[in-house]
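Data block for entry-v9.cif (mmCIF, C-alpha atoms):
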data_my_file
loop_
_atom_site.group_PDB
_atom_site.id
_atom_site.type_symbol
_atom_site.label_atom_id
_atom_site.label_comp_id
_atom_site.auth_asym_id
_atom_site.auth_seq_id
_atom_site.Cartn_x
_atom_site.Cartn_y
_atom_site.Cartn_z
ATOM 1 C CA ASP Q 1 6.808 10.500 11.338
ATOM 2 C CA GLY Q 2 6.697 8.581 8.069
ATOM 3 C CA GLY Q 3 5.745 10.312 4.893
ATOM 4 C CA ILE Q 4 6.636 11.418 1.406
ATOM 5 C CA THR Q 5 8.915 14.360 0.728
ATOM 6 C CA GLN Q 6 8.809 16.139 -2.590
ATOM 7 C CA SER Q 7 11.301 18.793 -3.574
ATOM 8 C CA PRO Q 8 11.507 21.466 -4.643
ATOM 9 C CA LYS Q 9 8.117 22.955 -3.824
ATOM 10 C CA TYR Q 10 8.356 25.373 -6.753
ATOM 11 C CA LEU Q 11 10.427 24.899 -9.909
ATOM 12 C CA PHE Q 12 10.921 27.068 -12.951
ATOM 13 C CA ARG Q 13 12.051 25.620 -16.253
ATOM 14 C CA LYS Q 14 13.335 27.372 -19.319
ATOM 15 C CA GLU Q 15 12.347 26.232 -22.764
ATOM 16 C CA GLY Q 16 14.390 23.225 -23.907
ATOM 17 C CA GLN Q 17 15.634 22.396 -20.434
ATOM 18 C CA ASN Q 18 15.332 19.100 -18.569
ATOM 19 C CA VAL Q 19 14.417 19.255 -14.890
ATOM 20 C CA THR Q 20 14.222 16.569 -12.212
ATOM 21 C CA LEU Q 21 11.646 16.423 -9.431
ATOM 22 C CA SER Q 22 12.605 14.565 -6.291
ATOM 23 C CA CYS Q 23 10.367 12.138 -4.371
ATOM 24 C CA GLU Q 24 11.516 10.296 -1.236
ATOM 25 C CA GLN Q 25 9.430 8.112 1.098
ATOM 26 C CA ASN Q 26 10.218 6.517 4.462
ATOM 27 C CA LEU Q 27 7.043 4.470 4.708
ATOM 28 C CA ASN Q 28 8.647 1.272 3.434
ATOM 29 C CA HIS Q 29 6.054 1.221 0.651
ATOM 30 C CA ASP Q 30 6.697 -0.968 -2.373
ATOM 31 C CA ALA Q 31 4.757 1.004 -4.966
ATOM 32 C CA MET Q 32 5.336 4.611 -6.010
ATOM 33 C CA TYR Q 33 3.518 6.831 -8.486
ATOM 34 C CA TRP Q 34 3.798 10.143 -10.282
ATOM 35 C CA TYR Q 35 0.684 12.127 -11.134
ATOM 36 C CA ARG Q 36 0.117 15.377 -12.918
ATOM 37 C CA GLN Q 37 -2.710 17.671 -11.777
ATOM 38 C CA ASP Q 38 -4.138 20.388 -14.026
ATOM 39 C CA PRO Q 39 -7.091 22.672 -13.204
ATOM 40 C CA GLY Q 40 -10.420 21.018 -13.977
ATOM 41 C CA GLN Q 41 -8.862 17.621 -14.627
ATOM 42 C CA GLY Q 42 -8.429 14.600 -12.460
ATOM 43 C CA LEU Q 43 -5.019 13.332 -11.462
ATOM 44 C CA ARG Q 44 -3.391 11.759 -14.492
ATOM 45 C CA LEU Q 45 -0.858 8.979 -14.047
ATOM 46 C CA ILE Q 46 2.559 9.582 -15.587
ATOM 47 C CA TYR Q 47 4.617 6.601 -14.357
ATOM 48 C CA TYR Q 48 4.436 4.034 -11.604
ATOM 49 C CA SER Q 49 6.765 1.498 -10.054
ATOM 50 C CA GLN Q 50 5.763 -1.607 -8.110
ATOM 51 C CA ILE Q 51 9.279 -2.691 -7.165
ATOM 52 C CA VAL Q 52 12.862 -1.457 -7.329
ATOM 53 C CA ASN Q 53 14.429 -1.364 -10.803
ATOM 54 C CA ASP Q 54 11.056 -1.725 -12.490
ATOM 55 C CA PHE Q 55 8.579 0.922 -13.650
ATOM 56 C CA GLN Q 56 5.678 1.204 -16.075
ATOM 57 C CA LYS Q 57 4.266 3.982 -18.220
ATOM 58 C CA GLY Q 58 1.006 5.527 -17.158
ATOM 59 C CA ASP Q 59 -1.541 7.360 -19.282
ATOM 60 C CA ILE Q 60 0.620 10.401 -20.137
ATOM 61 C CA ALA Q 61 4.262 9.205 -20.054
ATOM 62 C CA GLU Q 62 5.427 11.026 -23.190
ATOM 63 C CA GLY Q 63 8.075 13.633 -22.401
ATOM 64 C CA TYR Q 64 8.795 12.194 -18.947
ATOM 65 C CA SER Q 65 11.281 9.680 -17.568
ATOM 66 C CA VAL Q 66 11.782 8.018 -14.177
ATOM 67 C CA SER Q 67 14.156 5.722 -12.322
ATOM 68 C CA ARG Q 68 13.722 3.461 -9.289
ATOM 69 C CA GLU Q 69 17.183 2.533 -8.076
ATOM 70 C CA LYS Q 70 16.202 2.558 -4.404
ATOM 71 C CA LYS Q 71 12.949 1.607 -2.698
ATOM 72 C CA GLU Q 72 12.755 5.013 -1.043
ATOM 73 C CA SER Q 73 13.312 7.162 -4.122
ATOM 74 C CA PHE Q 74 11.401 7.724 -7.369
ATOM 75 C CA PRO Q 75 12.637 10.842 -9.199
ATOM 76 C CA LEU Q 76 10.791 12.228 -12.217
ATOM 77 C CA THR Q 77 12.567 14.004 -15.073
ATOM 78 C CA VAL Q 78 10.539 16.369 -17.232
ATOM 79 C CA THR Q 79 12.336 16.474 -20.553
ATOM 80 C CA SER Q 80 12.315 19.101 -23.284
ATOM 81 C CA ALA Q 81 10.058 16.743 -25.256
ATOM 82 C CA GLN Q 82 7.187 17.550 -22.882
ATOM 83 C CA LYS Q 83 5.516 20.442 -24.691
ATOM 84 C CA ASN Q 84 3.221 21.629 -21.929
ATOM 85 C CA PRO Q 85 4.951 20.878 -18.627
ATOM 86 C CA THR Q 86 3.439 23.639 -16.496
ATOM 87 C CA ALA Q 87 1.422 21.765 -13.844
ATOM 88 C CA PHE Q 88 1.286 20.557 -10.265
ATOM 89 C CA TYR Q 89 3.141 17.245 -9.891
ATOM 90 C CA LEU Q 90 2.263 14.799 -7.148
ATOM 91 C CA CYS Q 91 4.207 11.777 -5.980
ATOM 92 C CA ALA Q 92 2.401 8.998 -4.111
ATOM 93 C CA SER Q 93 3.129 5.620 -2.600
ATOM 94 C CA SER Q 94 1.167 2.601 -1.430
ATOM 95 C CA ALA Q 95 1.818 -0.595 0.477
ATOM 96 C CA SER Q 96 0.711 -3.036 -2.183
ATOM 97 C CA LEU Q 97 0.746 -6.067 0.084
ATOM 98 C CA SER Q 98 -0.960 -4.357 2.986
ATOM 99 C CA GLN Q 99 -4.557 -4.095 4.029
ATOM 100 C CA ARG Q 100 -4.159 -0.341 4.291
ATOM 101 C CA HIS Q 101 -6.078 1.170 1.420
ATOM 102 C CA GLY Q 102 -5.353 4.256 -0.555
ATOM 103 C CA TYR Q 103 -2.304 6.215 -1.518
ATOM 104 C CA THR Q 104 -0.126 8.516 0.557
ATOM 105 C CA PHE Q 105 0.722 11.696 -1.312
ATOM 106 C CA GLY Q 106 3.534 14.186 -1.032
ATOM 107 C CA SER Q 107 2.911 17.946 -0.913
ATOM 108 C CA GLY Q 108 3.624 18.385 -4.600
ATOM 109 C CA THR Q 109 5.944 20.365 -6.864
ATOM 110 C CA ARG Q 110 4.586 23.225 -8.919
ATOM 111 C CA LEU Q 111 6.502 23.426 -12.200
ATOM 112 C CA THR Q 112 6.310 26.545 -14.338
ATOM 113 C CA VAL Q 113 7.857 27.121 -17.753
ATOM 114 C CA VAL Q 114 9.381 30.584 -18.107
ATOM 115 C CA GLN V 1 -16.754 10.132 -21.823
ATOM 116 C CA LYS V 2 -14.451 10.248 -18.818
ATOM 117 C CA GLU V 3 -14.186 7.112 -16.721
ATOM 118 C CA VAL V 4 -14.933 9.115 -13.562
ATOM 119 C CA GLU V 5 -17.114 12.230 -13.640
ATOM 120 C CA GLN V 6 -17.140 14.782 -10.838
ATOM 121 C CA ASP V 7 -18.688 18.239 -10.859
ATOM 122 C CA PRO V 8 -15.800 20.673 -10.227
ATOM 123 C CA GLY V 9 -18.058 23.237 -8.561
ATOM 124 C CA PRO V 10 -17.172 25.538 -6.951
ATOM 125 C CA LEU V 11 -19.586 24.834 -4.134
ATOM 126 C CA SER V 12 -20.146 27.427 -1.400
ATOM 127 C CA VAL V 13 -22.205 26.719 1.731
ATOM 128 C CA PRO V 14 -22.750 28.408 5.101
ATOM 129 C CA GLU V 15 -21.187 26.948 8.222
ATOM 130 C CA GLY V 16 -23.318 24.154 9.690
ATOM 131 C CA ALA V 17 -24.834 23.092 6.344
ATOM 132 C CA ILE V 18 -24.950 19.523 5.104
ATOM 133 C CA VAL V 19 -22.735 19.092 2.055
ATOM 134 C CA SER V 20 -23.276 16.464 -0.617
ATOM 135 C CA LEU V 21 -20.467 15.640 -3.038
ATOM 136 C CA ASN V 22 -20.943 13.119 -5.837
ATOM 137 C CA CYS V 23 -19.184 11.154 -8.553
ATOM 138 C CA THR V 24 -20.393 8.886 -11.299
ATOM 139 C CA TYR V 25 -18.344 6.305 -13.110
ATOM 140 C CA SER V 26 -18.598 4.051 -16.136
ATOM 141 C CA ASN V 27 -16.343 1.080 -15.320
ATOM 142 C CA SER V 28 -18.343 -1.649 -13.574
ATOM 143 C CA ALA V 29 -15.075 -3.323 -12.497
ATOM 144 C CA PHE V 30 -14.419 -0.676 -9.835
ATOM 145 C CA GLN V 31 -14.628 -2.239 -6.364
ATOM 146 C CA TYR V 32 -12.704 0.152 -4.128
ATOM 147 C CA PHE V 33 -13.934 3.699 -3.631
ATOM 148 C CA MET V 34 -12.147 6.506 -1.885
ATOM 149 C CA TRP V 35 -12.512 10.176 -1.071
ATOM 150 C CA TYR V 36 -9.492 12.406 -0.740
ATOM 151 C CA ARG V 37 -9.344 15.934 0.663
ATOM 152 C CA GLN V 38 -6.838 18.375 -0.810
ATOM 153 C CA TYR V 39 -6.067 21.718 0.763
ATOM 154 C CA SER V 40 -4.682 24.481 -1.437
ATOM 155 C CA ARG V 41 -1.107 23.839 -2.596
ATOM 156 C CA LYS V 42 -0.964 20.521 -0.737
ATOM 157 C CA GLY V 43 -1.173 16.874 -1.707
ATOM 158 C CA PRO V 44 -4.433 14.929 -1.317
ATOM 159 C CA GLU V 45 -5.021 13.019 1.927
ATOM 160 C CA LEU V 46 -7.224 9.961 2.245
ATOM 161 C CA LEU V 47 -10.488 10.823 3.963
ATOM 162 C CA MET V 48 -12.779 7.827 3.503
ATOM 163 C CA TYR V 49 -12.553 4.400 1.973
ATOM 164 C CA THR V 50 -15.363 1.982 1.012
ATOM 165 C CA TYR V 51 -15.294 -1.450 -0.527
ATOM 166 C CA SER V 52 -18.148 -2.408 -2.871
ATOM 167 C CA SER V 53 -21.628 -1.039 -2.141
ATOM 168 C CA GLY V 54 -22.920 0.364 1.111
ATOM 169 C CA ASN V 55 -22.417 3.167 3.593
ATOM 170 C CA LYS V 56 -19.551 4.068 5.863
ATOM 171 C CA GLU V 57 -19.601 6.700 8.564
ATOM 172 C CA ASP V 58 -16.681 8.437 10.251
ATOM 173 C CA GLY V 59 -17.588 11.321 12.521
ATOM 174 C CA ARG V 60 -19.218 14.046 10.431
ATOM 175 C CA PHE V 61 -18.436 12.229 7.170
ATOM 176 C CA THR V 62 -20.522 9.552 5.455
ATOM 177 C CA ALA V 63 -19.539 7.786 2.246
ATOM 178 C CA GLN V 64 -22.131 5.973 0.145
ATOM 179 C CA VAL V 65 -21.624 3.688 -2.820
ATOM 180 C CA ASP V 66 -24.398 2.558 -5.159
ATOM 181 C CA LYS V 67 -22.790 0.175 -7.636
ATOM 182 C CA SER V 68 -26.064 -0.497 -9.443
ATOM 183 C CA SER V 69 -26.228 3.184 -10.397
ATOM 184 C CA LYS V 70 -22.433 3.637 -10.603
ATOM 185 C CA TYR V 71 -22.755 6.553 -8.214
ATOM 186 C CA ILE V 72 -20.840 7.464 -5.080
ATOM 187 C CA SER V 73 -21.418 10.241 -2.570
ATOM 188 C CA LEU V 74 -19.714 11.936 0.341
ATOM 189 C CA PHE V 75 -21.843 13.737 2.921
ATOM 190 C CA ILE V 76 -20.417 16.226 5.390
ATOM 191 C CA ARG V 77 -22.641 17.098 8.360
ATOM 192 C CA ASP V 78 -22.294 20.309 10.366
ATOM 193 C CA SER V 79 -19.756 21.657 7.876
ATOM 194 C CA GLN V 80 -16.959 23.823 9.239
ATOM 195 C CA PRO V 81 -14.746 26.472 7.602
ATOM 196 C CA SER V 82 -11.857 24.017 8.063
ATOM 197 C CA ASP V 83 -13.660 21.680 5.628
ATOM 198 C CA SER V 84 -12.954 24.191 2.842
ATOM 199 C CA ALA V 85 -10.864 22.222 0.362
ATOM 200 C CA THR V 86 -11.055 20.313 -2.893
ATOM 201 C CA TYR V 87 -12.565 16.840 -2.562
ATOM 202 C CA LEU V 88 -11.505 14.170 -5.044
ATOM 203 C CA CYS V 89 -13.214 10.866 -5.535
ATOM 204 C CA ALA V 90 -11.094 7.899 -6.573
ATOM 205 C CA MET V 91 -11.814 4.313 -7.443
ATOM 206 C CA SER V 92 -10.002 1.182 -8.526
ATOM 207 C CA PRO V 93 -10.814 -2.381 -9.585
ATOM 208 C CA GLU V 94 -8.198 -3.868 -7.260
ATOM 209 C CA LEU V 95 -6.633 -2.863 -3.961
ATOM 210 C CA ASN V 96 -4.270 0.056 -4.585
ATOM 211 C CA ASN V 97 -4.011 -0.704 -8.275
ATOM 212 C CA ASP V 98 -5.075 1.231 -11.371
ATOM 213 C CA MET V 99 -6.714 3.994 -9.375
ATOM 214 C CA ARG V 100 -8.774 6.596 -11.275
ATOM 215 C CA PHE V 101 -9.508 10.046 -9.928
ATOM 216 C CA GLY V 102 -12.292 12.530 -10.451
ATOM 217 C CA ALA V 103 -11.463 16.152 -11.277
ATOM 218 C CA GLY V 104 -12.272 17.266 -7.720
ATOM 219 C CA THR V 105 -14.995 19.531 -6.293
ATOM 220 C CA ARG V 106 -13.859 22.765 -4.694
ATOM 221 C CA LEU V 107 -15.809 23.432 -1.494
ATOM 222 C CA THR V 108 -15.913 26.648 0.526
ATOM 223 C CA VAL V 109 -17.660 26.748 3.914
ATOM 224 C CA LYS V 110 -18.362 30.320 4.953
ATOM 225 C CA PRO V 111 -18.427 31.302 8.645
#
Starting from the file, lay out its structure as structure tokens.
Amino acid sequence: DGGITQSPKYLFRKEGQNVTLSCEQNLNHDAMYWYRQDPGQGLRLIYYSQIVNDFQKGDIAEGYSVSREKKESFPLTVTSAQKNPTAFYLCASSASLSQRHGYTFGSGTRLTVV
Amino acid sequence: QKEVEQDPGPLSVPEGAIVSLNCTYSNSAFQYFMWYRQYSRKGPELLMYTYSSGNKEDGRFTAQVDKSSKYISLFIRDSQPSDSATYLCAMSPELNNDMRFGAGTRLTVKP
């Protein structure tokens, strides 16, 4: 079955440490996205990528970085510059040239600062 | 003012009740409207999709869009305990582009 795999499911980060969240999809989707979800707030877009080797900042990109070297993979690095990184992170993808509407989401990574 | 407003609840109803979930929005450019269901500690899954104004029905679920009022609704008939989840509305001006999400309404259906 096609889908999006996020790993790890839970991640703990020490102060001043960079961590990388993995996102892999086998849906052959062109576009991929990273969202952050906090209680009481909607999903907020961190970064997105429409094609390989290209990505754009979303609404809250500060303190985060991404790469898109392969169509299937879109890892997110949470850097030490992100002052409040504790959140639930969701990766999504969409077939931008398809008539299928909506995003497919992974199961998320819960990041906690310790 | 947020671009998409959604009452976070929580909303608790007895099994078999009709549930009404709503969102309002401010951007008149939105054309595509979606509802996602998110179970605890999982990613959202697409439940319903509507283009422009009108109604769409899928089993026990009905989505309504009123663009003149900038108001969208999701109705769940004969609600079941398995419907207990957080429901997020989402909308975008173009297909799969620049999608904006509501905060989500947490629903509990009690047996």
### Task
Translate the PyMOL selection byres ((chain Q and resi 5) around 9), as applied to the file shown, into an explicit residue set as a list in words.
Gly3, Ile4, Gln6, Ser7, Ser22, Cys23, Glu24, Gln25, Asn26, Cys91, Phe105, Gly106, Ser107 and Gly108 of chain Q
### Task
Counting all atoms listed in the file, collect the residues of chain Q whose closest atom lies at most 8 Å from chain V, and write them out as a PyMOL selection string.
chain Q and resi 40-44+90+94-96+101-108
Writing out the chosen residues with C-alpha atoms as a PDB file, in the frame of the given file:
ATOM      1  CA  GLY Q  40     -10.420  21.018 -13.977  1.00  0.00           C
ATOM      2  CA  GLN Q  41      -8.862  17.621 -14.627  1.00  0.00           C
ATOM      3  CA  GLY Q  42      -8.429  14.600 -12.460  1.00  0.00           C
ATOM      4  CA  LEU Q  43      -5.019  13.332 -11.462  1.00  0.00           C
ATOM      5  CA  ARG Q  44      -3.391  11.759 -14.492  1.00  0.00           C
ATOM      6  CA  LEU Q  90       2.263  14.799  -7.148  1.00  0.00           C
ATOM      7  CA  SER Q  94       1.167   2.601  -1.430  1.00  0.00           C
ATOM      8  CA  ALA Q  95       1.818  -0.595   0.477  1.00  0.00           C
ATOM      9  CA  SER Q  96       0.711  -3.036  -2.183  1.00  0.00           C
ATOM     10  CA  HIS Q 101      -6.078   1.170   1.420  1.00  0.00           C
ATOM     11  CA  GLY Q 102      -5.353   4.256  -0.555  1.00  0.00           C
ATOM     12  CA  TYR Q 103      -2.304   6.215  -1.518  1.00  0.00           C
ATOM     13  CA  THR Q 104      -0.126   8.516   0.557  1.00  0.00           C
ATOM     14  CA  PHE Q 105       0.722  11.696  -1.312  1.00  0.00           C
ATOM     15  CA  GLY Q 106       3.534  14.186  -1.032  1.00  0.00           C
ATOM     16  CA  SER Q 107       2.911  17.946  -0.913  1.00  0.00           C
ATOM     17  CA  GLY Q 108       3.624  18.385  -4.600  1.00  0.00           C
TER      18      GLY Q 108
END
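With atom CA of Ala87 of chain Q on one side and atom CA of Asp38 of chain Q on the other, the separation reads 5.7 Å.
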### Task
Using all atoms listed in the file, collect all residues at a distance of at most 7 Å from (8.3, 27.6, -14.8) as written in the file, then present them as a PyMOL selection string.
chain Q and resi 11-14+86+111-114
Going by the chain IDs and residue numbers used in this file, which residues fall under the PyMOL selection byres ((chain Q and resi 67-84) around 6)? Write them as a PDB file with C-alpha atoms, keeping the file's coordinate frame.
ATOM      1  CA  GLY Q  16      14.390  23.225 -23.907  1.00  0.00           C
ATOM      2  CA  GLN Q  17      15.634  22.396 -20.434  1.00  0.00           C
ATOM      3  CA  ASN Q  18      15.332  19.100 -18.569  1.00  0.00           C
ATOM      4  CA  VAL Q  19      14.417  19.255 -14.890  1.00  0.00           C
ATOM      5  CA  THR Q  20      14.222  16.569 -12.212  1.00  0.00           C
ATOM      6  CA  LEU Q  21      11.646  16.423  -9.431  1.00  0.00           C
ATOM      7  CA  SER Q  22      12.605  14.565  -6.291  1.00  0.00           C
ATOM      8  CA  CYS Q  23      10.367  12.138  -4.371  1.00  0.00           C
ATOM      9  CA  GLU Q  24      11.516  10.296  -1.236  1.00  0.00           C
ATOM     10  CA  GLN Q  25       9.430   8.112   1.098  1.00  0.00           C
ATOM     11  CA  VAL Q  52      12.862  -1.457  -7.329  1.00  0.00           C
ATOM     12  CA  ASN Q  53      14.429  -1.364 -10.803  1.00  0.00           C
ATOM     13  CA  GLY Q  63       8.075  13.633 -22.401  1.00  0.00           C
ATOM     14  CA  TYR Q  64       8.795  12.194 -18.947  1.00  0.00           C
ATOM     15  CA  SER Q  65      11.281   9.680 -17.568  1.00  0.00           C
ATOM     16  CA  VAL Q  66      11.782   8.018 -14.177  1.00  0.00           C
ATOM     17  CA  PRO Q  85       4.951  20.878 -18.627  1.00  0.00           C
ATOM     18  CA  THR Q  86       3.439  23.639 -16.496  1.00  0.00           C
TER      19      THR Q  86
END
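As for atom CA of Asp30 of chain Q and atom CA of Phe30 of chain V, they are spaced 22.4 Å apart.
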### Query
Which residues fall under the PyMOL selection byres ((chain V and resi 71) around 6) in this file, as a ChimeraX atom specification?
/V:23-24,66,69-70,72
### Task
For atom CA of Tyr47 of chain Q and atom CA of Tyr35 of chain Q, quote the distance in Å rounded to one decimal.
7.5 Å
### Query
If you count all atoms listed in the file, which residues fall within 6 Å of Ser12 of chain V, apart from same-chain ones fewer than 5 positions away, as a PyMOL selection string?
chain V and resi 107-109
Will you model all heavy atoms for segment 21-31 of chain V and pass it back as a JSON list (two decimals), in the frame of the given file?
[["chain", "number", "residue", "atom", "x", "y", "z"],
["V", 21, "LEU", "N", -21.40, 15.68, -1.92],
["V", 21, "LEU", "CA", -20.47, 15.64, -3.04],
["V", 21, "LEU", "C", -20.65, 14.31, -3.75],
["V", 21, "LEU", "O", -20.84, 13.27, -3.10],
["V", 21, "LEU", "CB", -19.03, 15.78, -2.53],
["V", 21, "LEU", "CG", -18.75, 17.02, -1.69],
["V", 21, "LEU", "CD1", -17.40, 16.91, -0.99],
["V", 21, "LEU", "CD2", -18.79, 18.27, -2.55],
["V", 22, "ASN", "N", -20.59, 14.32, -5.09],
["V", 22, "ASN", "CA", -20.94, 13.12, -5.84],
["V", 22, "ASN", "C", -19.98, 12.84, -6.99],
["V", 22, "ASN", "O", -19.37, 13.76, -7.53],
["V", 22, "ASN", "CB", -22.35, 13.27, -6.42],
["V", 22, "ASN", "CG", -23.33, 13.78, -5.39],
["V", 22, "ASN", "OD1", -23.66, 13.08, -4.44],
["V", 22, "ASN", "ND2", -23.79, 15.00, -5.55],
["V", 23, "CYS", "N", -19.92, 11.58, -7.36],
["V", 23, "CYS", "CA", -19.18, 11.15, -8.55],
["V", 23, "CYS", "C", -19.96, 10.05, -9.23],
["V", 23, "CYS", "O", -20.61, 9.23, -8.56],
["V", 23, "CYS", "CB", -17.80, 10.63, -8.20],
["V", 23, "CYS", "SG", -16.62, 11.90, -7.70],
["V", 24, "THR", "N", -19.87, 10.01, -10.54],
["V", 24, "THR", "CA", -20.39, 8.89, -11.30],
["V", 24, "THR", "C", -19.25, 8.24, -12.05],
["V", 24, "THR", "O", -18.21, 8.88, -12.30],
["V", 24, "THR", "CB", -21.48, 9.33, -12.30],
["V", 24, "THR", "OG1", -20.91, 10.29, -13.20],
["V", 24, "THR", "CG2", -22.67, 9.95, -11.58],
["V", 25, "TYR", "N", -19.42, 7.00, -12.40],
["V", 25, "TYR", "CA", -18.34, 6.30, -13.11],
["V", 25, "TYR", "C", -18.94, 5.35, -14.13],
["V", 25, "TYR", "O", -20.12, 5.00, -14.07],
["V", 25, "TYR", "CB", -17.43, 5.57, -12.12],
["V", 25, "TYR", "CG", -18.10, 4.50, -11.31],
["V", 25, "TYR", "CD1", -18.08, 3.16, -11.71],
["V", 25, "TYR", "CD2", -18.74, 4.80, -10.11],
["V", 25, "TYR", "CE1", -18.68, 2.17, -10.96],
["V", 25, "TYR", "CE2", -19.34, 3.81, -9.35],
["V", 25, "TYR", "CZ", -19.31, 2.51, -9.77],
["V", 25, "TYR", "OH", -19.90, 1.53, -9.03],
["V", 26, "SER", "N", -18.10, 4.90, -15.06],
["V", 26, "SER", "CA", -18.60, 4.05, -16.14],
["V", 26, "SER", "C", -18.06, 2.62, -16.07],
["V", 26, "SER", "O", -18.64, 1.72, -16.67],
["V", 26, "SER", "CB", -18.22, 4.66, -17.49],
["V", 26, "SER", "OG", -16.82, 4.83, -17.58],
["V", 27, "ASN", "N", -16.98, 2.40, -15.35],
["V", 27, "ASN", "CA", -16.34, 1.08, -15.32],
["V", 27, "ASN", "C", -16.93, 0.22, -14.20],
["V", 27, "ASN", "O", -16.69, 0.47, -13.03],
["V", 27, "ASN", "CB", -14.83, 1.26, -15.12],
["V", 27, "ASN", "CG", -14.08, -0.04, -15.26],
["V", 27, "ASN", "OD1", -14.65, -1.13, -15.30],
["V", 27, "ASN", "ND2", -12.76, 0.04, -15.33],
["V", 28, "SER", "N", -17.69, -0.80, -14.57],
["V", 28, "SER", "CA", -18.34, -1.65, -13.57],
["V", 28, "SER", "C", -17.34, -2.51, -12.79],
["V", 28, "SER", "O", -17.70, -3.15, -11.81],
["V", 28, "SER", "CB", -19.38, -2.55, -14.25],
["V", 28, "SER", "OG", -18.77, -3.34, -15.25],
["V", 29, "ALA", "N", -16.09, -2.53, -13.21],
["V", 29, "ALA", "CA", -15.08, -3.32, -12.50],
["V", 29, "ALA", "C", -14.58, -2.65, -11.22],
["V", 29, "ALA", "O", -13.92, -3.29, -10.40],
["V", 29, "ALA", "CB", -13.89, -3.60, -13.42],
["V", 30, "PHE", "N", -14.88, -1.37, -11.04],
["V", 30, "PHE", "CA", -14.42, -0.68, -9.84],
["V", 30, "PHE", "C", -15.04, -1.31, -8.60],
["V", 30, "PHE", "O", -16.24, -1.54, -8.52],
["V", 30, "PHE", "CB", -14.78, 0.81, -9.89],
["V", 30, "PHE", "CG", -13.98, 1.59, -10.88],
["V", 30, "PHE", "CD1", -14.57, 2.60, -11.62],
["V", 30, "PHE", "CD2", -12.62, 1.35, -11.07],
["V", 30, "PHE", "CE1", -13.83, 3.34, -12.53],
["V", 30, "PHE", "CE2", -11.88, 2.08, -11.98],
["V", 30, "PHE", "CZ", -12.50, 3.08, -12.71],
["V", 31, "GLN", "N", -14.18, -1.60, -7.60],
["V", 31, "GLN", "CA", -14.63, -2.24, -6.36],
["V", 31, "GLN", "C", -14.27, -1.41, -5.14],
["V", 31, "GLN", "O", -14.88, -1.54, -4.09],
["V", 31, "GLN", "CB", -13.94, -3.61, -6.22],
["V", 31, "GLN", "CG", -14.26, -4.60, -7.32],
["V", 31, "GLN", "CD", -15.45, -5.45, -6.95],
["V", 31, "GLN", "OE1", -16.37, -5.04, -6.25],
["V", 31, "GLN", "NE2", -15.42, -6.68, -7.41]]
